[in-house]
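To be precise, the following lines are run16.pdb, and they hold PDB, C-alpha atoms.
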ATOM      1  CA  MET U 139     172.915  96.417 152.883
ATOM      2  CA  ASN U 140     174.788  93.564 151.245
ATOM      3  CA  SER U 141     172.968  91.100 153.460
ATOM      4  CA  LYS U 142     169.577  92.425 152.365
ATOM      5  CA  GLU U 143     170.590  92.255 148.704
ATOM      6  CA  TRP U 144     171.785  88.684 149.148
ATOM      7  CA  SER U 145     168.562  87.741 150.940
ATOM      8  CA  SER U 146     166.520  89.239 148.133
ATOM      9  CA  ASN U 147     168.469  87.374 145.472
ATOM     10  CA  GLN U 148     168.284  84.135 147.420
ATOM     11  CA  ALA U 149     164.545  84.536 147.826
ATOM     12  CA  PHE U 150     164.241  84.920 144.031
ATOM     13  CA  ARG U 151     166.286  81.790 143.462
ATOM     14  CA  LEU U 152     164.199  79.839 145.953
ATOM     15  CA  HIS U 153     160.927  80.857 144.286
ATOM     16  CA  SER U 154     162.039  80.928 140.619
ATOM     17  CA  PRO U 155     161.154  77.225 139.881
ATOM     18  CA  SER U 156     157.523  77.790 140.861
ATOM     19  CA  LEU U 157     157.444  81.026 138.897
ATOM     20  CA  GLN U 158     158.786  79.188 135.876
ATOM     21  CA  ILE U 159     156.131  76.496 136.232
ATOM     22  CA  THR U 160     153.454  79.161 136.573
ATOM     23  CA  ALA U 161     154.755  80.923 133.480
ATOM     24  CA  VAL U 162     154.731  77.668 131.494
ATOM     25  CA  ILE U 163     151.166  76.875 132.574
ATOM     26  CA  PHE U 164     150.073  80.424 131.723
ATOM     27  CA  PHE U 165     151.715  80.129 128.306
ATOM     28  CA  MET U 166     150.004  76.782 127.661
ATOM     29  CA  ILE U 167     146.630  78.268 128.588
ATOM     30  CA  ILE U 168     147.189  81.108 126.112
ATOM     31  CA  VAL U 169     148.149  78.642 123.374
ATOM     32  CA  MET U 170     145.157  76.403 124.063
ATOM     33  CA  PHE U 171     142.822  79.402 124.113
ATOM     34  CA  SER U 172     144.246  80.576 120.793
ATOM     35  CA  VAL U 173     143.774  77.144 119.219
ATOM     36  CA  VAL U 174     140.210  76.891 120.475
ATOM     37  CA  SER U 175     139.485  80.428 119.272
ATOM     38  CA  CYS U 176     140.830  79.604 115.823
ATOM     39  CA  LYS U 177     138.756  76.436 115.592
ATOM     40  CA  ARG U 178     135.591  78.068 116.917
ATOM     41  CA  LYS U 179     133.084  78.486 114.111
ATOM     42  CA  ASP U 180     131.323  81.711 113.378
ATOM     43  CA  PRO U 181     127.721  81.164 114.630
ATOM     44  CA  PHE U 182     126.482  82.842 111.444
ATOM     45  CA  LEU U 183     128.677  80.824 109.062
ATOM     46  CA  VAL U 184     126.585  79.923 106.021
ATOM     47  CA  CYS U 185     129.146  78.194 103.794
ATOM     48  CA  GLY U 186     132.601  76.940 104.691
ATOM     49  CA  SER U 187     133.829  75.903 101.231
ATOM     50  CA  ASP U 188     133.609  76.768  97.533
ATOM     51  CA  ASP U 189     131.327  73.821  96.727
ATOM     52  CA  CYS U 190     128.627  75.157  99.056
ATOM     53  CA  SER U 191     125.562  77.171  98.037
ATOM     54  CA  PHE U 192     122.549  78.477  99.929
ATOM     55  CA  SER U 193     119.020  79.780  99.491
ATOM     56  CA  SER U 194     116.268  81.178 101.702
ATOM     57  CA  SER U 195     112.687  80.837 100.507
ATOM     58  CA  VAL U 196     110.983  80.538 103.914
ATOM     59  CA  THR U 197     111.147  83.273 106.535
ATOM     60  CA  GLY U 198     113.637  82.392 109.263
ATOM     61  CA  PHE U 199     115.373  79.504 107.489
ATOM     62  CA  VAL U 200     118.421  78.979 105.272
ATOM     63  CA  GLU U 201     118.838  75.875 103.111
ATOM     64  CA  ILE U 202     122.479  74.946 102.580
ATOM     65  CA  LYS U 203     123.615  72.624  99.788
ATOM     66  CA  ILE U 204     127.044  70.957  99.638
ATOM     67  CA  GLN U 205     127.341  68.828  96.512
ATOM     68  CA  ASN U 206     124.235  66.595  96.704
ATOM     69  CA  ARG U 207     123.627  67.015 100.431
ATOM     70  CA  LYS U 208     121.144  69.521 101.829
ATOM     71  CA  SER U 209     120.801  70.830 105.354
ATOM     72  CA  LEU U 210     118.448  73.307 106.974
ATOM     73  CA  LYS U 211     119.320  75.981 109.533
ATOM     74  CA  LYS U 212     117.121  78.329 111.530
ATOM     75  CA  LEU U 213     118.102  81.956 112.007
ATOM     76  CA  THR U 214     118.157  83.197 115.617
ATOM     77  CA  LYS U 215     119.777  86.174 117.317
ATOM     78  CA  SER U 216     122.523  83.885 118.622
ATOM     79  CA  GLY U 217     123.308  82.236 115.284
ATOM     80  CA  LEU U 218     122.230  79.689 112.703
ATOM     81  CA  LEU U 219     120.910  76.562 114.432
ATOM     82  CA  PRO U 220     120.677  73.170 112.648
ATOM     83  CA  VAL U 221     117.199  71.767 112.041
ATOM     84  CA  ASN U 222     116.687  68.021 111.931
ATOM     85  CA  ILE U 223     113.615  67.010 109.966
ATOM     86  CA  VAL U 224     112.680  64.088 107.743
ATOM     87  CA  ALA U 225     112.980  65.991 104.484
ATOM     88  CA  GLN U 226     114.803  63.781 102.004
ATOM     89  CA  GLY U 227     113.740  65.006  98.565
ATOM     90  CA  LYS U 228     111.414  67.606 100.101
ATOM     91  CA  ASN U 229     111.499  71.374 100.475
ATOM     92  CA  LEU U 230     110.335  73.461 103.414
ATOM     93  CA  LEU U 231     107.234  75.546 102.718
ATOM     94  CA  ALA U 232     106.253  76.864 106.150
ATOM     95  CA  PHE U 233     106.936  76.527 109.875
ATOM     96  CA  CYS U 234     104.502  76.739 112.797
ATOM     97  CA  PRO U 235     106.357  77.888 115.971
ATOM     98  CA  ARG U 236     103.449  77.063 118.258
ATOM     99  CA  SER U 237     103.194  73.376 117.315
ATOM    100  CA  LYS U 238     106.772  73.027 115.984
ATOM    101  CA  SER U 239     105.382  71.701 112.721
ATOM    102  CA  TYR U 240     107.031  71.916 109.325
ATOM    103  CA  LEU U 241     105.043  71.973 106.077
ATOM    104  CA  LEU U 242     107.040  70.121 103.421
ATOM    105  CA  ARG U 243     106.613  69.992  99.660
ATOM    106  CA  GLY U 244     107.657  67.036  97.547
ATOM    107  CA  LEU U 245     107.180  65.699  94.035
ATOM    108  CA  ASP U 246     106.080  62.336  92.713
ATOM    109  CA  LYS U 247     104.861  61.063  89.351
ATOM    110  CA  TYR U 248     101.467  62.665  90.014
ATOM    111  CA  GLY U 249     102.822  66.124  90.837
ATOM    112  CA  TYR U 250     103.135  68.025  94.118
ATOM    113  CA  LYS U 251     102.552  66.389  97.476
ATOM    114  CA  LEU U 252     102.347  67.978 100.927
ATOM    115  CA  GLU U 253     103.349  66.585 104.309
ATOM    116  CA  ILE U 254     103.559  67.973 107.843
ATOM    117  CA  PHE U 255     106.503  66.939 110.011
ATOM    118  CA  ASP U 256     105.903  67.110 113.774
ATOM    119  CA  ALA U 257     109.221  67.881 115.498
ATOM    120  CA  ASP U 258     108.003  66.537 118.882
ATOM    121  CA  THR U 259     106.785  63.142 117.641
ATOM    122  CA  GLU U 260     109.054  63.027 114.547
ATOM    123  CA  LYS U 261     106.093  61.770 112.523
ATOM    124  CA  LEU U 262     104.933  62.715 109.038
ATOM    125  CA  LYS U 263     101.316  63.457 108.167
ATOM    126  CA  LYS U 264     100.091  63.612 104.587
ATOM    127  CA  VAL U 265      98.065  66.669 103.576
ATOM    128  CA  GLU U 266      95.815  66.776 100.515
ATOM    129  CA  LEU U 267      96.414  69.627  98.096
ATOM    130  CA  PRO U 268      93.717  72.311  97.752
ATOM    131  CA  GLY U 269      92.807  71.392  94.168
ATOM    132  CA  GLU U 270      94.809  71.306  90.960
ATOM    133  CA  ILE U 271      97.977  73.401  91.190
ATOM    134  CA  SER U 272     100.511  74.465  88.550
ATOM    135  CA  SER U 273     102.986  76.065  90.962
ATOM    136  CA  ILE U 274     103.288  76.876  94.651
ATOM    137  CA  LEU U 275     104.235  80.433  95.596
ATOM    138  CA  SER U 276     104.074  80.526  99.391
ATOM    139  CA  ALA U 277     102.461  79.072 102.522
ATOM    140  CA  CYS U 278     102.171  79.806 106.241
ATOM    141  CA  PHE U 279     100.444  78.747 109.481
ATOM    142  CA  ASP U 280      98.182  81.174 111.330
ATOM    143  CA  GLY U 281      97.701  81.346 115.102
ATOM    144  CA  SER U 282      94.987  78.660 114.994
ATOM    145  CA  GLY U 283      97.269  76.217 113.186
ATOM    146  CA  ARG U 284      95.447  76.538 109.872
ATOM    147  CA  ILE U 285      97.477  76.439 106.661
ATOM    148  CA  TRP U 286      97.234  79.325 104.213
ATOM    149  CA  PHE U 287      98.406  78.500 100.744
ATOM    150  CA  LEU U 288      99.194  80.769  97.767
ATOM    151  CA  SER U 289      99.305  78.963  94.419
ATOM    152  CA  VAL U 290      98.876  79.362  90.676
ATOM    153  CA  LYS U 291      96.491  77.478  88.412
ATOM    154  CA  ASP U 292      97.629  77.690  84.801
ATOM    155  CA  HIS U 293      95.937  76.150  81.756
ATOM    156  CA  PRO U 294      96.389  76.832  78.029
ATOM    157  CA  ASP U 295      93.814  79.189  76.503
ATOM    158  CA  MET U 296      92.583  80.214  79.969
ATOM    159  CA  PRO U 297      93.524  83.109  82.273
ATOM    160  CA  ARG U 298      96.195  82.360  84.845
ATOM    161  CA  LYS U 299      94.608  82.230  88.281
ATOM    162  CA  PHE U 300      96.288  83.189  91.560
ATOM    163  CA  ILE U 301      94.493  81.341  94.344
ATOM    164  CA  LEU U 302      94.602  81.722  98.117
ATOM    165  CA  SER U 303      93.545  78.620 100.064
ATOM    166  CA  LYS U 304      92.748  78.189 103.746
ATOM    167  CA  SER U 305      92.577  74.848 105.555
ATOM    168  CA  ASP U 306      90.647  73.907 108.668
ATOM    169  CA  PRO U 307      92.678  73.357 111.894
ATOM    170  CA  GLN U 308      92.882  69.618 111.088
ATOM    171  CA  HIS U 309      94.231  70.345 107.564
ATOM    172  CA  ILE U 310      91.528  68.278 105.876
ATOM    173  CA  GLU U 311      89.108  70.707 104.257
ATOM    174  CA  TRP U 312      90.103  73.699 102.139
ATOM    175  CA  THR U 313      88.404  76.971 101.227
ATOM    176  CA  ASN U 314      89.686  78.592  98.031
ATOM    177  CA  TYR U 315      89.648  82.283  97.091
ATOM    178  CA  LEU U 316      90.445  83.739  93.672
ATOM    179  CA  ILE U 317      92.859  86.649  94.165
ATOM    180  CA  ARG U 318      93.911  87.603  90.623
ATOM    181  CA  GLU U 319      93.471  86.562  87.003
ATOM    182  CA  GLU U 320      95.997  87.304  84.286
ATOM    183  CA  THR U 321      96.194  86.649  80.561
ATOM    184  CA  GLU U 322      99.279  86.449  78.366
ATOM    185  CA  GLU U 323      97.917  89.319  76.290
ATOM    186  CA  SER U 324      97.704  91.643  79.303
ATOM    187  CA  TRP U 325     101.264  90.766  80.327
ATOM    188  CA  LEU U 326     102.656  91.372  76.824
ATOM    189  CA  GLU U 327     100.689  94.609  76.541
ATOM    190  CA  ARG U 328     102.231  95.810  79.765
ATOM    191  CA  ILE U 329     105.749  95.050  78.459
ATOM    192  CA  PHE U 330     105.527  96.519  74.948
ATOM    193  CA  THR U 331     103.081  99.391  75.478
ATOM    194  CA  LEU U 332     102.200 101.949  78.097
ATOM    195  CA  GLY U 333      99.355  99.804  79.325
ATOM    196  CA  LEU U 334      98.065  99.534  82.840
ATOM    197  CA  PRO U 335     100.423  98.056  85.461
ATOM    198  CA  ILE U 336      99.984  94.413  86.362
ATOM    199  CA  GLU U 337      99.943  93.225  89.955
ATOM    200  CA  ARG U 338     100.958  89.687  90.917
ATOM    201  CA  PRO U 339     100.701  87.991  94.329
ATOM    202  CA  ALA U 340     104.236  87.011  95.355
ATOM    203  CA  SER U 341     104.312  85.724  98.930
ATOM    204  CA  LEU U 342     102.281  85.128 102.046
ATOM    205  CA  THR U 343     102.698  85.702 105.775
ATOM    206  CA  CYS U 344     100.298  84.764 108.565
ATOM    207  CA  GLY U 345      99.079  86.476 111.711
ATOM    208  CA  GLU U 346      96.987  85.176 114.566
ATOM    209  CA  ASP U 347      93.716  85.044 112.678
ATOM    210  CA  GLY U 348      94.483  85.556 109.038
ATOM    211  CA  SER U 349      96.953  86.118 106.237
ATOM    212  CA  TYR U 350      98.746  89.010 104.552
ATOM    213  CA  ILE U 351      99.632  88.952 100.871
ATOM    214  CA  ILE U 352     102.700  90.707  99.451
ATOM    215  CA  THR U 353     102.331  91.610  95.782
ATOM    216  CA  HIS U 354     104.613  92.929  93.050
ATOM    217  CA  GLN U 355     102.970  95.663  91.008
ATOM    218  CA  TYR U 356     104.835  96.022  87.700
ATOM    219  CA  PHE U 357     105.077  99.248  85.742
ATOM    220  CA  GLN U 358     107.420  99.685  82.751
ATOM    221  CA  ASP U 359     110.788  98.883  84.293
ATOM    222  CA  MET U 360     110.020  99.437  87.981
ATOM    223  CA  MET U 361     107.692  97.874  90.472
ATOM    224  CA  ARG U 362     106.005  98.617  93.763
ATOM    225  CA  ILE U 363     105.802  96.238  96.717
ATOM    226  CA  ASN U 364     102.322  96.184  98.257
ATOM    227  CA  VAL U 365     101.021  94.552 101.435
ATOM    228  CA  TYR U 366      97.367  93.573 101.842
ATOM    229  CA  LEU U 367      95.381  91.975 104.626
ATOM    230  CA  PHE U 368      93.003  89.371 103.236
ATOM    231  CA  ASP U 369      89.472  89.644 104.621
ATOM    232  CA  ASP U 370      88.018  86.159 104.257
ATOM    233  CA  VAL U 371      84.535  87.380 105.226
ATOM    234  CA  ASP U 372      84.297  89.983 102.467
ATOM    235  CA  ARG U 373      86.710  88.011 100.235
ATOM    236  CA  SER U 374      88.679  91.190  99.616
ATOM    237  CA  LEU U 375      92.172  92.647 100.013
ATOM    238  CA  ARG U 376      92.654  95.574 102.398
ATOM    239  CA  TYR U 377      95.639  97.800 101.674
ATOM    240  CA  VAL U 378      98.188  97.955 104.508
ATOM    241  CA  SER U 379     101.522  99.295 103.267
ATOM    242  CA  SER U 380     103.799  99.659 100.233
ATOM    243  CA  PHE U 381     107.219 100.717  98.965
ATOM    244  CA  PHE U 382     108.178 102.292  95.626
ATOM    245  CA  PRO U 383     110.287 102.227  93.506
ATOM    246  CA  VAL U 384     112.025  98.859  93.208
ATOM    247  CA  ASP U 385     114.186  97.842  90.259
ATOM    248  CA  GLU U 386     112.368  95.073  88.430
ATOM    249  CA  SER U 387     115.535  93.512  86.995
ATOM    250  CA  GLY U 388     117.328  92.861  90.301
ATOM    251  CA  LYS U 389     116.552  90.284  92.981
ATOM    252  CA  VAL U 390     114.315  91.690  95.696
ATOM    253  CA  SER U 391     113.611  90.180  99.129
ATOM    254  CA  THR U 392     110.627  91.278 101.188
ATOM    255  CA  TYR U 393     109.221  90.637 104.634
ATOM    256  CA  TYR U 394     106.290  92.087 106.525
ATOM    257  CA  SER U 395     106.408  92.004 110.325
ATOM    258  CA  ILE U 396     102.773  91.895 111.433
ATOM    259  CA  LYS U 397     103.459  92.536 115.114
ATOM    260  CA  ASN U 398     105.473  95.648 114.306
ATOM    261  CA  SER U 399     103.486  96.792 111.242
ATOM    262  CA  THR U 400     106.762  97.094 109.361
ATOM    263  CA  LEU U 401     107.628  96.288 105.748
ATOM    264  CA  PHE U 402     111.230  95.377 104.888
ATOM    265  CA  VAL U 403     112.436  95.529 101.272
ATOM    266  CA  PHE U 404     116.010  94.567 100.381
ATOM    267  CA  GLN U 405     117.708  94.762  96.999
ATOM    268  CA  ASN U 406     121.409  94.635  96.103
ATOM    269  CA  SER U 407     122.957  96.748  98.887
ATOM    270  CA  GLU U 408     119.967  98.715 100.190
ATOM    271  CA  LEU U 409     117.500  97.886 102.936
ATOM    272  CA  HIS U 410     114.296  99.944 102.991
ATOM    273  CA  ILE U 411     112.148  99.930 106.130
ATOM    274  CA  VAL U 412     108.567 101.214 106.097
ATOM    275  CA  HIS U 413     107.109 101.406 109.603
ATOM    276  CA  GLN U 414     103.309 101.788 109.825
ATOM    277  CA  ASN U 415     103.223 103.111 106.257
ATOM    278  CA  GLN U 416     105.354 106.111 107.199
ATOM    279  CA  PHE U 417     108.182 107.614 105.151
ATOM    280  CA  PRO U 418     110.756 104.840 104.539
ATOM    281  CA  GLU U 419     114.124 104.614 106.253
ATOM    282  CA  THR U 420     117.075 103.277 104.239
ATOM    283  CA  ILE U 421     120.171 101.405 105.398
ATOM    284  CA  LEU U 422     123.079 101.298 102.916
ATOM    285  CA  PHE U 423     125.660  98.526 102.944
ATOM    286  CA  ASP U 424     128.442 100.587 101.328
ATOM    287  CA  ASP U 425     127.760  99.128  97.885
ATOM    288  CA  GLU U 426     128.379  95.644  99.283
ATOM    289  CA  LYS U 427     125.948  93.465  97.377
ATOM    290  CA  GLY U 428     124.427  90.422  98.990
ATOM    291  CA  GLU U 429     121.217  88.873 100.257
ATOM    292  CA  MET U 430     119.019  89.363 103.301
ATOM    293  CA  VAL U 431     117.438  86.652 105.444
ATOM    294  CA  PHE U 432     114.497  87.641 107.636
ATOM    295  CA  ALA U 433     113.287  86.041 110.859
ATOM    296  CA  GLU U 434     111.313  86.942 113.963
ATOM    297  CA  GLU U 435     112.216  86.118 117.556
ATOM    298  CA  ASP U 436     110.320  87.172 120.690
ATOM    299  CA  GLY U 437     108.074  89.316 118.530
ATOM    300  CA  LYS U 438     110.973  91.302 117.074
ATOM    301  CA  PRO U 439     112.437  91.140 113.554
ATOM    302  CA  VAL U 440     115.865  89.531 113.126
ATOM    303  CA  LEU U 441     117.718  90.372 109.915
ATOM    304  CA  MET U 442     120.917  88.734 108.671
ATOM    305  CA  PHE U 443     122.884  90.179 105.760
ATOM    306  CA  ILE U 444     124.843  87.643 103.692
ATOM    307  CA  PRO U 445     127.579  89.304 101.586
ATOM    308  CA  GLY U 446     127.975  88.197  97.993
ATOM    309  CA  LYS U 447     131.747  87.822  98.184
ATOM    310  CA  ARG U 448     133.452  84.819  99.745
ATOM    311  CA  VAL U 449     136.441  85.153 102.062
ATOM    312  CA  ASP U 450     138.785  82.159 101.792
ATOM    313  CA  GLY U 451     135.909  80.241 100.244
ATOM    314  CA  LYS U 452     133.628  81.015 103.185
ATOM    315  CA  ILE U 453     130.398  82.959 103.440
ATOM    316  CA  ALA U 454     129.320  84.301 106.838
ATOM    317  CA  GLY U 455     126.285  86.400 107.568
ATOM    318  CA  ARG U 456     126.008  89.235 110.042
ATOM    319  CA  LEU U 457     123.050  90.642 111.915
ATOM    320  CA  VAL U 458     121.660  94.064 111.061
ATOM    321  CA  GLU U 459     122.237  96.028 114.254
ATOM    322  CA  ASN U 460     120.346  98.958 115.785
ATOM    323  CA  LEU U 461     117.005  98.062 114.218
ATOM    324  CA  SER U 462     115.278  99.269 117.395
ATOM    325  CA  GLU U 463     116.441 102.806 116.575
ATOM    326  CA  ILE U 464     114.318 102.699 113.422
ATOM    327  CA  VAL U 465     111.549 100.230 114.254
ATOM    328  CA  LYS U 466     109.794 101.119 117.498
ATOM    329  CA  TYR U 467     108.680  97.869 119.105
TER     330      TYR U 467
END

Entire entry expressed as structure tokens:
Amino acid sequence: MNSKEWSSNQAFRLHSPSLQITAVIFFMIIVMFSVVSCKRKDPFLVCGSDDCSFSSSVTGFVEIKIQNRKSLKKLTKSGLLPVNIVAQGKNLLAFCPRSKSYLLRGLDKYGYKLEIFDADTEKLKKVELPGEISSILSACFDGSGRIWFLSVKDHPDMPRKFILSKSDPQHIEWTNYLIREETEESWLERIFTLGLPIERPASLTCGEDGSYIITHQYFQDMMRINVYLFDDVDRSLRYVSSFFPVDESGKVSTYYSIKNSTLFVFQNSELHIVHQNQFPETILFDDEKGEMVFAEEDGKPVLMFIPGKRVDGKIAGRLVENLSEIVKY
């Protein structure tokens, strides 16, 4: 009995140095893993400091500004990926996934200028504007590589014109379509009286063969979001979907997924989803105000919510989960 106890104790003493070494190595691995975990960045980190700001004016992209430096990131299901383009002094207007081309907008002493950046060749190509333009609202590439362009032509003593333009595949020739006209009198009448609502084109999204226009239809203090398919043969707008009501005074973000026939409308802390013009579904963010960034990957919508509050000076987005339970792909 005593002999067995002694043998057991001696065996422990003989093996204890290796056990100690193993324990030390195991402890070091834990420490190193903890350090790496602490230093690992959130893949959806938007801003890491108080002097950082962001915006998202093009579907699928977030522009980040730190002091005087700007960077561009693309939203994917796995995180925000950096985009390297020659865009000094330029803003992104549209992206063509098929050709990996970026439509960029710049300014010079003559006004707006357009360029296309080819990510494969890293070359810039100048594009002529489709006529005289006062402001640019939106742009997109269709499946044939043509550019669709939504702009405003504004002159004193003349109605404001909202114009949709379509380029040829080589981006040389343009065809222009008048979508809406608006006078200052009609806008003021709508504000101060019970006049007819006014509808303004707001943004543009492209499908394989054409474009869809999202409009804001203003009533007294509310508005409706409408989606139309533009028929370039008949030169007309075909109603597709809508959502009502939306508070006119708050910031609203919209996106229409053509492949899924689904309209997304986000404002403050509510996301409204209208699938195939059916009764809308609503996702609440527990009164947590913020912004929504929309993207599409593998034919499915990707939505990232960016909370308005910073945590330790940082802003990190998070994906909207369980969309497939609402939107049937």

Problem - Shell of 9 Å around Ser209 (chain U), all atoms listed in the file, local chain residues under 2 positions omitted, as a list of chain:residue names - result: U:Val200, U:Glu201, U:Ile202, U:Lys203, U:Ile204, U:Arg207, U:Lys211, U:Pro220, U:Val221, U:Asn222

Residues from the last selection, C-alpha atoms, saved as a CSV table (one decimal), in the frame of the given file:
chain,number,residue,atom,x,y,z
U,200,VAL,CA,118.4,79.0,105.3
U,201,GLU,CA,118.8,75.9,103.1
U,202,ILE,CA,122.5,74.9,102.6
U,203,LYS,CA,123.6,72.6,99.8
U,204,ILE,CA,127.0,71.0,99.6
U,207,ARG,CA,123.6,67.0,100.4
U,211,LYS,CA,119.3,76.0,109.5
U,220,PRO,CA,120.7,73.2,112.6
U,221,VAL,CA,117.2,71.8,112.0
U,222,ASN,CA,116.7,68.0,111.9

Practice task
Apply the PyMOL selection byres ((chain U and resi 273) around 6) to the displayed file and report the matching residues as a list in words.
Solution key: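 Output of the PyMOL selection byres ((chain U and resi 273) around 6): Ile271, Ser272, Ile274, Ser289 and Val290 of chain U.
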
Exercise for the section: Using the chain letters and numbering of this document, enumerate as a ChimeraX atom specification the residues selected by the PyMOL selection byres ((chain U and resi 419) around 12). Expected result: /U:381,400-404,408-418,420-422,461,463-465

Problem - Chain and number of each residue from the PyMOL selection byres ((chain U and resi 347-360) around 6), as a PyMOL selection string - result: chain U and resi 281+335-346+361-368+384-386

Excluding same-chain residues fewer than 3 positions from Glu435 (chain U), what lies within 10 Å of it counting only C-alpha atoms, as a short mmCIF file (atom, residue, chain, number, x, y, z; two decimals) with C-alpha atoms, in the frame of the given file?
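And here is the file that came out, around.cif:
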data_model
loop_
_atom_site.label_atom_id
_atom_site.label_comp_id
_atom_site.auth_asym_id
_atom_site.auth_seq_id
_atom_site.Cartn_x
_atom_site.Cartn_y
_atom_site.Cartn_z
CA GLY U 198 113.64 82.39 109.26
CA LEU U 213 118.10 81.96 112.01
CA THR U 214 118.16 83.20 115.62
CA LYS U 215 119.78 86.17 117.32
CA LYS U 438 110.97 91.30 117.07
CA PRO U 439 112.44 91.14 113.55
CA VAL U 440 115.86 89.53 113.13
#

Handout entry: For Ile223 (chain U): contacts at 9 Å, all atoms listed in the file, fewer than 2 positions along chain excluded, given as an MDAnalysis selection string
Key = chainID U and resid 210 221 225:226 240 255:257 260

Problem - Residues within 9 Å of (94.7, 65.7, 94.2), counting all atoms listed in the file, listed as a count of residues only - result: 10

Practice task
Please measure the separation of CA of Phe287 (chain U) and CA of Ile301 (chain U), giving the value in Å to one decimal.
Solution key: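 CA of Ile301 (chain U) lies 8.0 Å from CA of Phe287 (chain U).
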
Exercise for the section: Mind giving me the straight-line distance from CA of Ser303 (chain U) to CA of Leu316 (chain U) in Å, one decimal? Expected result: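 One can read the CA of Ser303 (chain U) to CA of Leu316 (chain U) distance as 8.8 Å.
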
Using all atoms listed in the file, what does the table of region 351-430 of chain U residues within 8 Å of region 442-448 of chain U look like, with each row giving the shortest atom pair and its distance in Å to one decimal, sorted by chain and ascending number, as CSV?
residue,atom,partner,partner_atom,distance
U:Glu426,CA,U:Pro445,CA,6.8
U:Lys427,CA,U:Gly446,CA,5.7
U:Gly428,CA,U:Pro445,CA,4.2
U:Glu429,CA,U:Ile444,CA,5.1
U:Met430,CA,U:Phe443,CA,4.7

Only C-alpha atoms, as an mmCIF file, in the first residue's frame: that is what I want for region 205-251 of chain U.
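Wrote out11.cif, looks like this:
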data_model
loop_
_atom_site.group_PDB
_atom_site.id
_atom_site.type_symbol
_atom_site.label_atom_id
_atom_site.label_comp_id
_atom_site.auth_asym_id
_atom_site.auth_seq_id
_atom_site.Cartn_x
_atom_site.Cartn_y
_atom_site.Cartn_z
ATOM 1 C CA GLN U 205 -10.633 64.767 -41.329
ATOM 2 C CA ASN U 206 -9.831 65.528 -44.996
ATOM 3 C CA ARG U 207 -9.305 61.926 -46.083
ATOM 4 C CA LYS U 208 -12.025 59.875 -47.755
ATOM 5 C CA SER U 209 -12.232 56.138 -48.254
ATOM 6 C CA LEU U 210 -14.810 53.884 -49.856
ATOM 7 C CA LYS U 211 -16.029 50.512 -48.590
ATOM 8 C CA LYS U 212 -18.321 47.940 -50.163
ATOM 9 C CA LEU U 213 -20.958 46.179 -48.091
ATOM 10 C CA THR U 214 -20.926 42.366 -48.263
ATOM 11 C CA LYS U 215 -22.379 39.653 -46.048
ATOM 12 C CA SER U 216 -18.928 39.084 -44.547
ATOM 13 C CA GLY U 217 -18.197 42.740 -43.792
ATOM 14 C CA LEU U 218 -17.176 46.100 -45.200
ATOM 15 C CA LEU U 219 -14.439 45.641 -47.809
ATOM 16 C CA PRO U 220 -12.114 48.503 -48.875
ATOM 17 C CA VAL U 221 -12.419 49.743 -52.453
ATOM 18 C CA ASN U 222 -9.388 51.178 -54.201
ATOM 19 C CA ILE U 223 -10.288 53.530 -57.025
ATOM 20 C CA VAL U 224 -8.777 56.678 -58.495
ATOM 21 C CA ALA U 225 -11.304 59.050 -56.972
ATOM 22 C CA GLN U 226 -9.424 62.044 -55.611
ATOM 23 C CA GLY U 227 -11.942 64.892 -55.545
ATOM 24 C CA LYS U 228 -14.642 62.672 -57.064
ATOM 25 C CA ASN U 229 -17.778 61.005 -55.749
ATOM 26 C CA LEU U 230 -19.159 57.589 -56.630
ATOM 27 C CA LEU U 231 -22.385 57.677 -58.637
ATOM 28 C CA ALA U 232 -22.875 54.058 -59.704
ATOM 29 C CA PHE U 233 -21.190 50.653 -59.865
ATOM 30 C CA CYS U 234 -21.432 47.973 -62.560
ATOM 31 C CA PRO U 235 -20.756 44.505 -61.028
ATOM 32 C CA ARG U 236 -20.470 42.804 -64.403
ATOM 33 C CA SER U 237 -17.642 44.985 -65.743
ATOM 34 C CA LYS U 238 -16.356 46.163 -62.330
ATOM 35 C CA SER U 239 -16.726 49.752 -63.479
ATOM 36 C CA TYR U 240 -17.303 52.769 -61.273
ATOM 37 C CA LEU U 241 -19.102 55.893 -62.497
ATOM 38 C CA LEU U 242 -17.520 58.919 -60.820
ATOM 39 C CA ARG U 243 -18.710 62.507 -60.579
ATOM 40 C CA GLY U 244 -16.371 65.459 -60.259
ATOM 41 C CA LEU U 245 -16.452 69.236 -60.527
ATOM 42 C CA ASP U 246 -14.347 71.703 -62.465
ATOM 43 C CA LYS U 247 -14.726 75.357 -63.421
ATOM 44 C CA TYR U 248 -17.234 74.356 -66.111
ATOM 45 C CA GLY U 249 -19.474 72.311 -63.815
ATOM 46 C CA TYR U 250 -20.018 68.561 -63.461
ATOM 47 C CA LYS U 251 -17.803 66.019 -65.171
#
